[in-house]
$ cat coords16.csv   # CSV, C-alpha atoms
chain,number,residue,atom,x,y,z
S,164,MET,CA,21.5,-1.4,-13.3
S,165,THR,CA,20.2,0.8,-10.5
S,166,THR,CA,17.1,-0.2,-8.6
S,167,PHE,CA,14.7,1.6,-6.3
S,168,LYS,CA,15.7,1.5,-2.6
S,169,ASN,CA,12.2,2.1,-1.2
S,170,ILE,CA,8.8,2.2,-2.9
S,171,ILE,CA,6.1,3.7,-0.8
S,172,LEU,CA,3.1,1.8,-2.3
S,173,LEU,CA,-0.2,3.5,-1.8
S,174,GLY,CA,-3.8,3.1,-3.1
S,175,ARG,CA,-7.3,2.3,-2.0
S,176,PRO,CA,-7.9,-1.1,-0.4
S,177,ALA,CA,-8.5,-3.7,-3.1
S,178,SER,CA,-7.0,-1.4,-5.8
S,179,GLY,CA,-4.3,-3.9,-6.7
S,180,LYS,CA,-1.3,-3.2,-4.5
S,181,SER,CA,-0.8,-6.8,-3.5
S,182,GLU,CA,-1.2,-7.9,-7.1
S,183,PHE,CA,1.4,-5.4,-8.2
S,184,ILE,CA,4.0,-6.8,-5.7
S,185,ASP,CA,3.0,-10.4,-6.6
S,186,PHE,CA,3.6,-9.7,-10.3
S,187,LEU,CA,7.1,-8.4,-9.6
S,188,LYS,CA,7.9,-11.4,-7.4
S,189,ARG,CA,7.0,-13.7,-10.2
S,190,ARG,CA,9.6,-12.1,-12.6
S,191,SER,CA,13.2,-13.4,-12.7
S,192,GLU,CA,15.8,-11.4,-10.8
S,193,PHE,CA,17.2,-10.1,-14.0
S,194,GLU,CA,13.9,-9.1,-15.6
S,195,ARG,CA,12.7,-7.4,-12.3
S,196,LYS,CA,15.9,-5.3,-12.2
S,197,ASP,CA,16.2,-4.6,-15.9
S,198,ALA,CA,12.5,-3.9,-16.8
S,199,TYR,CA,11.1,-2.6,-13.5
S,200,HIS,CA,14.1,-1.4,-11.5
S,201,VAL,CA,13.2,-3.4,-8.5
S,202,GLY,CA,15.7,-5.5,-6.6
S,203,LYS,CA,15.1,-8.3,-4.1
S,204,ILE,CA,11.7,-7.6,-2.5
S,205,TYR,CA,11.2,-6.8,1.2
S,206,GLU,CA,7.8,-5.8,2.5
S,207,LEU,CA,6.4,-3.7,5.3
S,208,ASP,CA,2.6,-3.7,5.2
S,209,ASP,CA,0.6,-2.1,8.0
S,210,PHE,CA,-2.3,-4.4,7.4
S,211,LEU,CA,-0.3,-7.1,9.2
S,212,TRP,CA,0.2,-4.9,12.3
S,213,LEU,CA,-3.5,-4.0,12.3
S,214,TRP,CA,-4.3,-7.7,12.1
S,215,GLU,CA,-2.0,-8.4,15.1
S,216,LYS,CA,-4.1,-5.9,17.1
S,217,PHE,CA,-7.3,-7.5,16.0
S,218,VAL,CA,-6.1,-10.9,17.2
S,219,GLU,CA,-5.0,-9.3,20.5
S,220,ASP,CA,-8.6,-8.1,20.8
S,221,ASP,CA,-9.9,-11.6,20.4
S,222,ILE,CA,-7.6,-12.7,23.2
S,223,TRP,CA,-8.7,-9.8,25.5
S,224,GLU,CA,-12.3,-10.8,24.8
S,225,ARG,CA,-11.7,-14.5,25.6
S,226,SER,CA,-10.0,-13.5,28.8
S,227,GLY,CA,-13.2,-11.7,29.9
S,228,HIS,CA,-12.1,-8.1,29.1
S,229,LYS,CA,-13.3,-5.5,26.6
S,230,ARG,CA,-11.9,-5.3,23.1
S,231,ARG,CA,-9.5,-2.4,22.7
S,232,TYR,CA,-9.0,-1.7,19.0
S,233,SER,CA,-11.8,-3.3,17.0
S,234,ILE,CA,-15.1,-5.0,16.7
S,235,SER,CA,-15.7,-8.4,15.1
S,236,ASN,CA,-18.6,-10.2,13.6
S,237,GLY,CA,-16.7,-13.5,13.7
S,238,HIS,CA,-15.3,-13.2,10.2
S,239,ASP,CA,-14.2,-9.5,9.7
S,240,TYR,CA,-12.8,-6.8,11.9
S,241,THR,CA,-13.6,-3.1,11.9
S,242,ILE,CA,-11.3,-0.7,13.6
S,243,THR,CA,-12.7,1.4,16.5
S,244,ASP,CA,-9.5,3.0,17.7
S,245,TYR,CA,-8.1,5.0,14.8
S,246,THR,CA,-5.0,6.1,16.7
S,247,LEU,CA,-3.7,2.7,15.5
S,248,LEU,CA,-3.2,4.4,12.1
S,249,ASP,CA,-0.5,6.7,13.5
S,250,PHE,CA,0.9,3.9,15.5
S,251,CYS,CA,1.5,2.0,12.2
S,252,LEU,CA,3.2,5.0,10.6
S,253,ALA,CA,5.5,5.2,13.7
S,254,ARG,CA,6.2,1.5,13.4
S,255,PHE,CA,7.3,1.9,9.8
S,256,ASN,CA,10.0,4.2,11.1
S,257,VAL,CA,11.1,1.6,13.6
S,258,GLU,CA,10.9,-1.5,11.3
S,259,HIS,CA,12.4,0.1,8.2
S,260,PRO,CA,16.0,0.3,9.5
S,261,LYS,CA,15.9,-3.4,10.4
S,262,GLN,CA,15.3,-4.4,6.8
S,263,PRO,CA,18.2,-5.7,4.6
S,264,GLN,CA,19.6,-3.1,2.3
S,265,ASP,CA,20.4,-5.3,-0.6
S,266,GLY,CA,17.1,-4.9,-2.4
S,267,THR,CA,13.9,-2.8,-2.7
S,268,ILE,CA,11.7,-2.2,0.4
S,269,PHE,CA,8.0,-1.8,-0.2
S,270,ILE,CA,6.2,0.3,2.4
S,271,GLU,CA,2.5,-0.3,1.8
S,272,PHE,CA,-0.6,1.3,3.3
S,273,ALA,CA,-4.0,3.0,2.5
S,274,ARG,CA,-5.4,6.1,4.1
S,275,GLY,CA,-8.7,8.0,3.8
S,276,LYS,CA,-9.2,11.7,3.8
S,277,GLN,CA,-10.9,11.8,7.2
S,278,ASP,CA,-7.8,10.5,8.9
S,279,GLY,CA,-5.6,13.2,7.4
S,280,GLY,CA,-5.1,11.4,4.1
S,281,TYR,CA,-1.8,10.7,2.4
S,282,ARG,CA,-0.6,14.2,3.1
S,283,HIS,CA,-0.7,13.5,6.9
S,284,ALA,CA,0.6,9.9,6.5
S,285,LEU,CA,3.6,10.8,4.4
S,286,SER,CA,4.5,13.6,6.9
S,287,ARG,CA,4.7,11.0,9.6
S,288,LEU,CA,7.4,8.9,7.9
S,289,SER,CA,11.1,9.5,8.9
S,290,ASN,CA,13.6,11.4,6.8
S,291,GLU,CA,15.6,8.2,6.6
S,292,ILE,CA,12.7,6.6,4.7
S,293,LEU,CA,11.7,9.6,2.6
S,294,ASN,CA,15.2,10.5,1.4
S,295,ASN,CA,15.5,7.2,-0.4
S,296,SER,CA,12.0,6.7,-1.6
S,297,VAL,CA,9.7,6.9,-4.6
S,298,VAL,CA,5.9,6.7,-4.4
S,299,VAL,CA,3.8,4.5,-6.5
S,300,PHE,CA,0.0,5.0,-6.2
S,301,ILE,CA,-2.2,2.2,-7.6
S,302,TYR,CA,-5.3,4.1,-8.7
S,303,THR,CA,-8.8,2.7,-9.1
S,304,SER,CA,-12.2,4.4,-8.5
S,305,TYR,CA,-14.0,3.8,-5.2
S,306,GLU,CA,-16.6,1.8,-7.1
S,307,GLU,CA,-14.1,-0.5,-8.7
S,308,ALA,CA,-12.2,-1.0,-5.4
S,309,CYS,CA,-15.5,-2.1,-3.8
S,310,ARG,CA,-16.3,-4.4,-6.7
S,311,ARG,CA,-12.9,-6.1,-6.4
S,312,ASN,CA,-13.1,-6.3,-2.7
S,313,GLU,CA,-16.4,-8.3,-3.0
S,314,ALA,CA,-15.2,-10.4,-6.0
S,315,ARG,CA,-12.0,-11.5,-4.2
S,316,TYR,CA,-13.9,-12.4,-1.1
S,317,GLN,CA,-16.3,-14.6,-3.0
S,318,GLU,CA,-13.4,-16.3,-4.8
S,319,LYS,CA,-11.6,-16.9,-1.5
S,320,LEU,CA,-14.8,-18.4,0.0
S,321,LYS,CA,-14.6,-21.2,-2.6
S,322,HIS,CA,-11.3,-22.3,-1.0
S,323,SER,CA,-11.6,-21.4,2.7
S,324,VAL,CA,-14.2,-20.7,5.4
S,325,LEU,CA,-11.6,-18.4,6.8
S,326,ALA,CA,-11.9,-15.9,3.9
S,327,HIS,CA,-12.2,-12.3,4.9
S,328,LYS,CA,-12.7,-9.0,3.2
S,329,VAL,CA,-12.3,-5.3,4.0
S,330,PRO,CA,-15.5,-4.5,5.9
S,331,GLU,CA,-17.8,-1.9,4.3
S,332,ALA,CA,-17.3,0.6,7.1
S,333,ASP,CA,-13.5,0.5,6.5
S,334,MET,CA,-13.9,0.7,2.7
S,335,VAL,CA,-15.9,3.9,3.2
S,336,ARG,CA,-13.3,5.3,5.6
S,337,PHE,CA,-10.1,4.3,3.7
S,338,ALA,CA,-11.4,4.4,0.1
S,339,LYS,CA,-14.4,6.6,-0.5
S,340,GLU,CA,-12.7,10.0,0.0
S,341,ILE,CA,-9.0,10.2,-0.6
S,342,ASP,CA,-6.7,13.2,-1.1
S,343,TRP,CA,-4.2,11.7,-3.6
S,344,LEU,CA,-5.4,13.6,-6.7
S,345,GLU,CA,-5.6,16.8,-4.7
S,346,LEU,CA,-2.1,16.2,-3.3
S,347,THR,CA,-0.6,15.7,-6.7
S,348,ASP,CA,-2.8,18.1,-8.7
S,349,SER,CA,-4.0,15.1,-10.6
S,350,LYS,CA,-0.6,14.8,-12.3
S,351,PRO,CA,0.3,11.2,-13.3
S,352,LEU,CA,4.0,11.8,-12.7
S,353,GLY,CA,6.0,14.3,-10.7
S,354,ARG,CA,7.5,15.3,-7.4
S,355,LEU,CA,5.7,15.5,-4.2
S,356,ARG,CA,7.1,17.8,-1.4
S,357,VAL,CA,7.1,16.4,2.1
S,358,ARG,CA,8.7,18.7,4.6
S,359,ASP,CA,11.9,19.7,2.7
S,360,ILE,CA,12.1,16.4,0.7
S,361,GLU,CA,10.9,16.0,-2.9
S,362,LEU,CA,9.5,12.5,-3.5
S,363,PRO,CA,9.3,11.3,-7.1
S,364,PHE,CA,5.9,9.7,-7.7
S,365,VAL,CA,3.8,8.0,-10.3
S,366,THR,CA,0.1,7.1,-10.4
S,367,ILE,CA,-0.7,3.9,-12.2
S,368,GLN,CA,-4.2,3.8,-13.5
S,369,ASN,CA,-5.2,0.2,-12.7
S,370,GLU,CA,-8.5,0.1,-14.6
S,371,PRO,CA,-9.7,-2.0,-16.3
S,372,GLU,CA,-8.5,-4.9,-14.3
S,373,LEU,CA,-5.9,-7.0,-16.2
S,374,THR,CA,-4.9,-10.6,-15.6
S,375,ASP,CA,-2.7,-11.1,-18.7
S,376,ALA,CA,1.0,-10.9,-17.7
S,377,VAL,CA,2.1,-9.2,-20.9
S,378,ALA,CA,-0.5,-6.5,-20.5
S,379,LEU,CA,0.3,-6.0,-16.8
S,380,GLY,CA,4.0,-5.9,-17.7
S,381,GLU,CA,3.3,-3.0,-20.1
S,382,ARG,CA,1.2,-1.2,-17.6
S,383,TYR,CA,3.6,-1.5,-14.7
S,384,GLY,CA,6.8,-1.3,-16.7
S,385,SER,CA,5.9,1.9,-18.5
S,386,ALA,CA,5.1,3.6,-15.2
S,387,LEU,CA,8.1,2.4,-13.3
S,388,ASN,CA,10.5,3.4,-16.2
S,389,GLU,CA,9.1,6.9,-16.1
S,390,LEU,CA,9.5,7.0,-12.4
S,391,HIS,CA,13.1,5.7,-12.6
S,392,LYS,CA,13.9,8.5,-15.1
S,393,LEU,CA,12.5,11.1,-12.8
S,394,LEU,CA,14.5,9.7,-9.9
S,395,LYS,CA,17.7,9.8,-11.9
S,396,ASP,CA,16.9,13.5,-12.8
S,397,ASN,CA,16.7,14.1,-9.0
S,398,ASN,CA,20.2,12.8,-8.4

$ encode --input "coords16.csv" --output "structure tokens"
Amino acid sequence: MTTFKNIILLGRPASGKSEFIDFLKRRSEFERKDAYHVGKIYELDDFLWLWEKFVEDDIWERSGHKRRYSISNGHDYTITDYTLLDFCLARFNVEHPKQPQDGTIFIEFARGKQDGGYRHALSRLSNEILNNSVVVFIYTSYEEACRRNEARYQEKLKHSVLAHKVPEADMVRFAKEIDWLELTDSKPLGRLRVRDIELPFVTIQNEPELTDAVALGERYGSALNELHKLLKDNN
């Protein structure tokens, strides 16, 4: 029962990447391996590293100095130094070898076209990562991603005054124009060449939004099974 070693998980902000991982976490170990080819889950998400920098900015501001990476309205943060995006890609290369090798490592991020898009981002990942990876792209339209971003924010507000959402400026930057369909010739499944490495990929159409576990299982399972077959053909 072979499982994916690395899944590079891509998609617009609020497209459903976190929900995808959460769904897999809720499966039993046997079901996750048998139906989805995913082992014990380890996560590397560059949002956490960006958030660290935002918090550092808060500290700089409180110490009487200028913010370095972001602006804040007291609830949300907007990036002002976009070199942070390449910093995060470099950090994936540093943090990945530290992860346990007894499961499936998820490498999660979103990139807009104006920052080089997914073509640039994937080219920044190390051969060590790419040689053992498949790519899963969770696809929603820009309009649907914006709708979910707002809906989830309103839902979180019911439970916490600390709720936050992706600011509109960052939704535009990371979600409005993306190069994924261009990069893959709009194919739902195939191989993507990065340097001299061919990465098996699948695009999961994540509209309409589903909440039923059975329906989600069919959507995710079908895509991951096709991807696993493609990976086996590679080997």

$ residues_around --input "coords16.csv" --residues "segment 170-179 of chain S" --least-positions-apart "6" --cutoff "10 Å" --atoms "only C-alpha atoms" --output "VMD selection string"
chain S and resid 185 201 206 to 208 267 to 275 281 285 292 to 293 295 to 305 307 to 315 328 to 329 333 to 334 337 to 341 343 362 364 366 to 370 372

$ write_last_selection --input "coords16.csv" --atoms "C-alpha atoms" --output "mmCIF file, in the frame of the given file"
data_model
loop_
_atom_site.group_PDB
_atom_site.id
_atom_site.type_symbol
_atom_site.label_atom_id
_atom_site.label_comp_id
_atom_site.auth_asym_id
_atom_site.auth_seq_id
_atom_site.Cartn_x
_atom_site.Cartn_y
_atom_site.Cartn_z
ATOM 1 C CA ASP S 185 3.000 -10.400 -6.600
ATOM 2 C CA VAL S 201 13.200 -3.400 -8.500
ATOM 3 C CA GLU S 206 7.800 -5.800 2.500
ATOM 4 C CA LEU S 207 6.400 -3.700 5.300
ATOM 5 C CA ASP S 208 2.600 -3.700 5.200
ATOM 6 C CA THR S 267 13.900 -2.800 -2.700
ATOM 7 C CA ILE S 268 11.700 -2.200 0.400
ATOM 8 C CA PHE S 269 8.000 -1.800 -0.200
ATOM 9 C CA ILE S 270 6.200 0.300 2.400
ATOM 10 C CA GLU S 271 2.500 -0.300 1.800
ATOM 11 C CA PHE S 272 -0.600 1.300 3.300
ATOM 12 C CA ALA S 273 -4.000 3.000 2.500
ATOM 13 C CA ARG S 274 -5.400 6.100 4.100
ATOM 14 C CA GLY S 275 -8.700 8.000 3.800
ATOM 15 C CA TYR S 281 -1.800 10.700 2.400
ATOM 16 C CA LEU S 285 3.600 10.800 4.400
ATOM 17 C CA ILE S 292 12.700 6.600 4.700
ATOM 18 C CA LEU S 293 11.700 9.600 2.600
ATOM 19 C CA ASN S 295 15.500 7.200 -0.400
ATOM 20 C CA SER S 296 12.000 6.700 -1.600
ATOM 21 C CA VAL S 297 9.700 6.900 -4.600
ATOM 22 C CA VAL S 298 5.900 6.700 -4.400
ATOM 23 C CA VAL S 299 3.800 4.500 -6.500
ATOM 24 C CA PHE S 300 0.000 5.000 -6.200
ATOM 25 C CA ILE S 301 -2.200 2.200 -7.600
ATOM 26 C CA TYR S 302 -5.300 4.100 -8.700
ATOM 27 C CA THR S 303 -8.800 2.700 -9.100
ATOM 28 C CA SER S 304 -12.200 4.400 -8.500
ATOM 29 C CA TYR S 305 -14.000 3.800 -5.200
ATOM 30 C CA GLU S 307 -14.100 -0.500 -8.700
ATOM 31 C CA ALA S 308 -12.200 -1.000 -5.400
ATOM 32 C CA CYS S 309 -15.500 -2.100 -3.800
ATOM 33 C CA ARG S 310 -16.300 -4.400 -6.700
ATOM 34 C CA ARG S 311 -12.900 -6.100 -6.400
ATOM 35 C CA ASN S 312 -13.100 -6.300 -2.700
ATOM 36 C CA GLU S 313 -16.400 -8.300 -3.000
ATOM 37 C CA ALA S 314 -15.200 -10.400 -6.000
ATOM 38 C CA ARG S 315 -12.000 -11.500 -4.200
ATOM 39 C CA LYS S 328 -12.700 -9.000 3.200
ATOM 40 C CA VAL S 329 -12.300 -5.300 4.000
ATOM 41 C CA ASP S 333 -13.500 0.500 6.500
ATOM 42 C CA MET S 334 -13.900 0.700 2.700
ATOM 43 C CA PHE S 337 -10.100 4.300 3.700
ATOM 44 C CA ALA S 338 -11.400 4.400 0.100
ATOM 45 C CA LYS S 339 -14.400 6.600 -0.500
ATOM 46 C CA GLU S 340 -12.700 10.000 0.000
ATOM 47 C CA ILE S 341 -9.000 10.200 -0.600
ATOM 48 C CA TRP S 343 -4.200 11.700 -3.600
ATOM 49 C CA LEU S 362 9.500 12.500 -3.500
ATOM 50 C CA PHE S 364 5.900 9.700 -7.700
ATOM 51 C CA THR S 366 0.100 7.100 -10.400
ATOM 52 C CA ILE S 367 -0.700 3.900 -12.200
ATOM 53 C CA GLN S 368 -4.200 3.800 -13.500
ATOM 54 C CA ASN S 369 -5.200 0.200 -12.700
ATOM 55 C CA GLU S 370 -8.500 0.100 -14.600
ATOM 56 C CA GLU S 372 -8.500 -4.900 -14.300
#

$ residues_around --input "coords16.csv" --residues "Tyr240 of chain S" --least-positions-apart "3" --cutoff "9 Å" --atoms "all atoms listed in the file" --output "short mmCIF file (atom, residue, chain, number, x, y, z; two decimals) with C-alpha atoms, keeping the file's coordinate frame"
data_model
loop_
_atom_site.label_atom_id
_atom_site.label_comp_id
_atom_site.auth_asym_id
_atom_site.auth_seq_id
_atom_site.Cartn_x
_atom_site.Cartn_y
_atom_site.Cartn_z
CA TRP S 214 -4.30 -7.70 12.10
CA PHE S 217 -7.30 -7.50 16.00
CA SER S 233 -11.80 -3.30 17.00
CA ILE S 234 -15.10 -5.00 16.70
CA SER S 235 -15.70 -8.40 15.10
CA ASN S 236 -18.60 -10.20 13.60
CA GLY S 237 -16.70 -13.50 13.70
CA HIS S 327 -12.20 -12.30 4.90
CA LYS S 328 -12.70 -9.00 3.20
CA VAL S 329 -12.30 -5.30 4.00
CA PRO S 330 -15.50 -4.50 5.90
#

$ atom_distance --input "coords16.csv" --atom1 "atom CA of Pro371 of chain S" --atom2 "atom CA of Ser191 of chain S"
25.8 Å

$ closest_residue --input "coords16.csv" --among "S:Lys180, S:Arg225, S:Lys168, S:Lys276" --to "His259 of chain S" --atoms "all atoms listed in the file"
S:Lys168

$ closest_residue --input "coords16.csv" --among "S:Glu331, S:Glu192, S:Asp220, S:Glu291" --to "Phe255 of chain S" --atoms "all atoms listed in the file"
S:Glu291

$ residues_around --input "coords16.csv" --residues "Thr165 of chain S" --least-positions-apart "4" --cutoff "12 Å" --atoms "only C-alpha atoms" --output "PyMOL selection string"
chain S and resi 193+195-202+265-267+388+391-392+394-395

$ atom_distance --input "coords16.csv" --atom1 "atom CA of Lys216 of chain S" --atom2 "atom CA of Ile184 of chain S"
24.2 Å

$ axis_aligned_box --input "coords16.csv" --around "segment 281-295 of chain S" --padding-each-side "3 Å" --output "JSON"
{"center_x": 6.9, "center_y": 10.4, "center_z": 4.6, "size_x": 23.4, "size_y": 13.6, "size_z": 16.0}

$ atom_distance --input "coords16.csv" --atom1 "atom CA of Arg354 of chain S" --atom2 "atom CA of Leu390 of chain S"
9.9 Å

$ closest_residue --input "coords16.csv" --among "S:Trp212, S:Thr243, S:Leu379, S:Val218" --to "Glu258 of chain S" --atoms "only C-alpha atoms"
S:Trp212

$ closest_residue --input "coords16.csv" --among "S:Asp375, S:Asp359, S:Arg231, S:Asn169" --to "Glu219 of chain S" --atoms "all atoms listed in the file"
S:Arg231

$ closest_residue --input "coords16.csv" --among "S:Glu194, S:Phe183, S:Ser349, S:Gln317" --to "Ala386 of chain S" --atoms "all atoms listed in the file"
S:Phe183

$ closest_residue --input "coords16.csv" --among "S:Lys203, S:Asp342, S:Ala376, S:Ser385" --to "Gln264 of chain S" --atoms "all atoms listed in the file"
S:Lys203

$ build_atoms --input "coords16.csv" --residues "segment 324-352 of chain S" --atoms "N, CA and C atoms" --output "PDB file, in the frame of the given file"
ATOM      1  N   VAL S 324     -13.187 -21.359   4.538  1.00  0.00           N
ATOM      2  CA  VAL S 324     -14.200 -20.700   5.400  1.00  0.00           C
ATOM      3  C   VAL S 324     -13.633 -19.554   6.145  1.00  0.00           C
ATOM      4  N   LEU S 325     -12.306 -19.424   6.121  1.00  0.00           N
ATOM      5  CA  LEU S 325     -11.600 -18.400   6.800  1.00  0.00           C
ATOM      6  C   LEU S 325     -11.439 -17.112   5.983  1.00  0.00           C
ATOM      7  N   ALA S 326     -12.030 -17.098   4.796  1.00  0.00           N
ATOM      8  CA  ALA S 326     -11.900 -15.900   3.900  1.00  0.00           C
ATOM      9  C   ALA S 326     -12.424 -14.696   4.579  1.00  0.00           C
ATOM     10  N   HIS S 327     -11.779 -13.557   4.302  1.00  0.00           N
ATOM     11  CA  HIS S 327     -12.200 -12.300   4.900  1.00  0.00           C
ATOM     12  C   HIS S 327     -12.071 -11.192   3.820  1.00  0.00           C
ATOM     13  N   LYS S 328     -12.764 -10.101   4.048  1.00  0.00           N
ATOM     14  CA  LYS S 328     -12.700  -9.000   3.200  1.00  0.00           C
ATOM     15  C   LYS S 328     -12.601  -7.687   3.994  1.00  0.00           C
ATOM     16  N   VAL S 329     -12.243  -6.572   3.339  1.00  0.00           N
ATOM     17  CA  VAL S 329     -12.300  -5.300   4.000  1.00  0.00           C
ATOM     18  C   VAL S 329     -13.732  -4.960   4.316  1.00  0.00           C
ATOM     19  N   PRO S 330     -14.123  -4.767   5.592  1.00  0.00           N
ATOM     20  CA  PRO S 330     -15.500  -4.500   5.900  1.00  0.00           C
ATOM     21  C   PRO S 330     -15.986  -3.191   5.218  1.00  0.00           C
ATOM     22  N   GLU S 331     -17.294  -3.087   4.995  1.00  0.00           N
ATOM     23  CA  GLU S 331     -17.800  -1.900   4.300  1.00  0.00           C
ATOM     24  C   GLU S 331     -17.485  -0.624   4.998  1.00  0.00           C
ATOM     25  N   ALA S 332     -17.551  -0.616   6.348  1.00  0.00           N
ATOM     26  CA  ALA S 332     -17.300   0.600   7.100  1.00  0.00           C
ATOM     27  C   ALA S 332     -15.829   1.078   6.841  1.00  0.00           C
ATOM     28  N   ASP S 333     -14.892   0.126   6.761  1.00  0.00           N
ATOM     29  CA  ASP S 333     -13.500   0.500   6.500  1.00  0.00           C
ATOM     30  C   ASP S 333     -13.262   0.848   5.057  1.00  0.00           C
ATOM     31  N   MET S 334     -14.004   0.233   4.129  1.00  0.00           N
ATOM     32  CA  MET S 334     -13.900   0.700   2.700  1.00  0.00           C
ATOM     33  C   MET S 334     -14.333   2.114   2.591  1.00  0.00           C
ATOM     34  N   VAL S 335     -15.403   2.481   3.274  1.00  0.00           N
ATOM     35  CA  VAL S 335     -15.900   3.900   3.200  1.00  0.00           C
ATOM     36  C   VAL S 335     -14.792   4.790   3.828  1.00  0.00           C
ATOM     37  N   ARG S 336     -14.247   4.397   4.959  1.00  0.00           N
ATOM     38  CA  ARG S 336     -13.300   5.300   5.600  1.00  0.00           C
ATOM     39  C   ARG S 336     -11.984   5.422   4.881  1.00  0.00           C
ATOM     40  N   PHE S 337     -11.454   4.323   4.338  1.00  0.00           N
ATOM     41  CA  PHE S 337     -10.100   4.300   3.700  1.00  0.00           C
ATOM     42  C   PHE S 337     -10.172   4.587   2.208  1.00  0.00           C
ATOM     43  N   ALA S 338     -11.335   4.439   1.583  1.00  0.00           N
ATOM     44  CA  ALA S 338     -11.400   4.400   0.100  1.00  0.00           C
ATOM     45  C   ALA S 338     -12.310   5.447  -0.507  1.00  0.00           C
ATOM     46  N   LYS S 339     -13.382   5.814   0.180  1.00  0.00           N
ATOM     47  CA  LYS S 339     -14.400   6.600  -0.500  1.00  0.00           C
ATOM     48  C   LYS S 339     -13.840   8.030  -0.808  1.00  0.00           C
ATOM     49  N   GLU S 340     -13.282   8.697   0.189  1.00  0.00           N
ATOM     50  CA  GLU S 340     -12.700  10.000   0.000  1.00  0.00           C
ATOM     51  C   GLU S 340     -11.210   9.971   0.274  1.00  0.00           C
ATOM     52  N   ILE S 341     -10.407  10.226  -0.754  1.00  0.00           N
ATOM     53  CA  ILE S 341      -9.000  10.200  -0.600  1.00  0.00           C
ATOM     54  C   ILE S 341      -8.412  11.560  -1.141  1.00  0.00           C
ATOM     55  N   ASP S 342      -7.220  11.900  -0.714  1.00  0.00           N
ATOM     56  CA  ASP S 342      -6.700  13.200  -1.100  1.00  0.00           C
ATOM     57  C   ASP S 342      -5.532  13.099  -2.113  1.00  0.00           C
ATOM     58  N   TRP S 343      -5.359  11.916  -2.725  1.00  0.00           N
ATOM     59  CA  TRP S 343      -4.200  11.700  -3.600  1.00  0.00           C
ATOM     60  C   TRP S 343      -4.209  12.666  -4.796  1.00  0.00           C
ATOM     61  N   LEU S 344      -5.323  12.727  -5.517  1.00  0.00           N
ATOM     62  CA  LEU S 344      -5.400  13.600  -6.700  1.00  0.00           C
ATOM     63  C   LEU S 344      -5.236  15.048  -6.330  1.00  0.00           C
ATOM     64  N   GLU S 345      -5.784  15.412  -5.208  1.00  0.00           N
ATOM     65  CA  GLU S 345      -5.600  16.800  -4.700  1.00  0.00           C
ATOM     66  C   GLU S 345      -4.174  17.075  -4.358  1.00  0.00           C
ATOM     67  N   LEU S 346      -3.530  16.099  -3.735  1.00  0.00           N
ATOM     68  CA  LEU S 346      -2.100  16.200  -3.300  1.00  0.00           C
ATOM     69  C   LEU S 346      -1.181  16.377  -4.477  1.00  0.00           C
ATOM     70  N   THR S 347      -1.500  15.706  -5.581  1.00  0.00           N
ATOM     71  CA  THR S 347      -0.600  15.700  -6.700  1.00  0.00           C
ATOM     72  C   THR S 347      -1.125  16.542  -7.903  1.00  0.00           C
ATOM     73  N   ASP S 348      -2.160  17.339  -7.647  1.00  0.00           N
ATOM     74  CA  ASP S 348      -2.800  18.100  -8.700  1.00  0.00           C
ATOM     75  C   ASP S 348      -3.198  17.292  -9.904  1.00  0.00           C
ATOM     76  N   SER S 349      -3.575  16.046  -9.617  1.00  0.00           N
ATOM     77  CA  SER S 349      -4.000  15.100 -10.600  1.00  0.00           C
ATOM     78  C   SER S 349      -2.975  14.772 -11.692  1.00  0.00           C
ATOM     79  N   LYS S 350      -1.717  15.082 -11.402  1.00  0.00           N
ATOM     80  CA  LYS S 350      -0.600  14.800 -12.300  1.00  0.00           C
ATOM     81  C   LYS S 350      -0.307  13.270 -12.257  1.00  0.00           C
ATOM     82  N   PRO S 351      -0.057  12.618 -13.381  1.00  0.00           N
ATOM     83  CA  PRO S 351       0.300  11.200 -13.300  1.00  0.00           C
ATOM     84  C   PRO S 351       1.712  10.928 -12.894  1.00  0.00           C
ATOM     85  N   LEU S 352       2.555  11.938 -12.958  1.00  0.00           N
ATOM     86  CA  LEU S 352       4.000  11.800 -12.700  1.00  0.00           C
ATOM     87  C   LEU S 352       4.513  13.112 -12.173  1.00  0.00           C
TER      88      LEU S 352
END
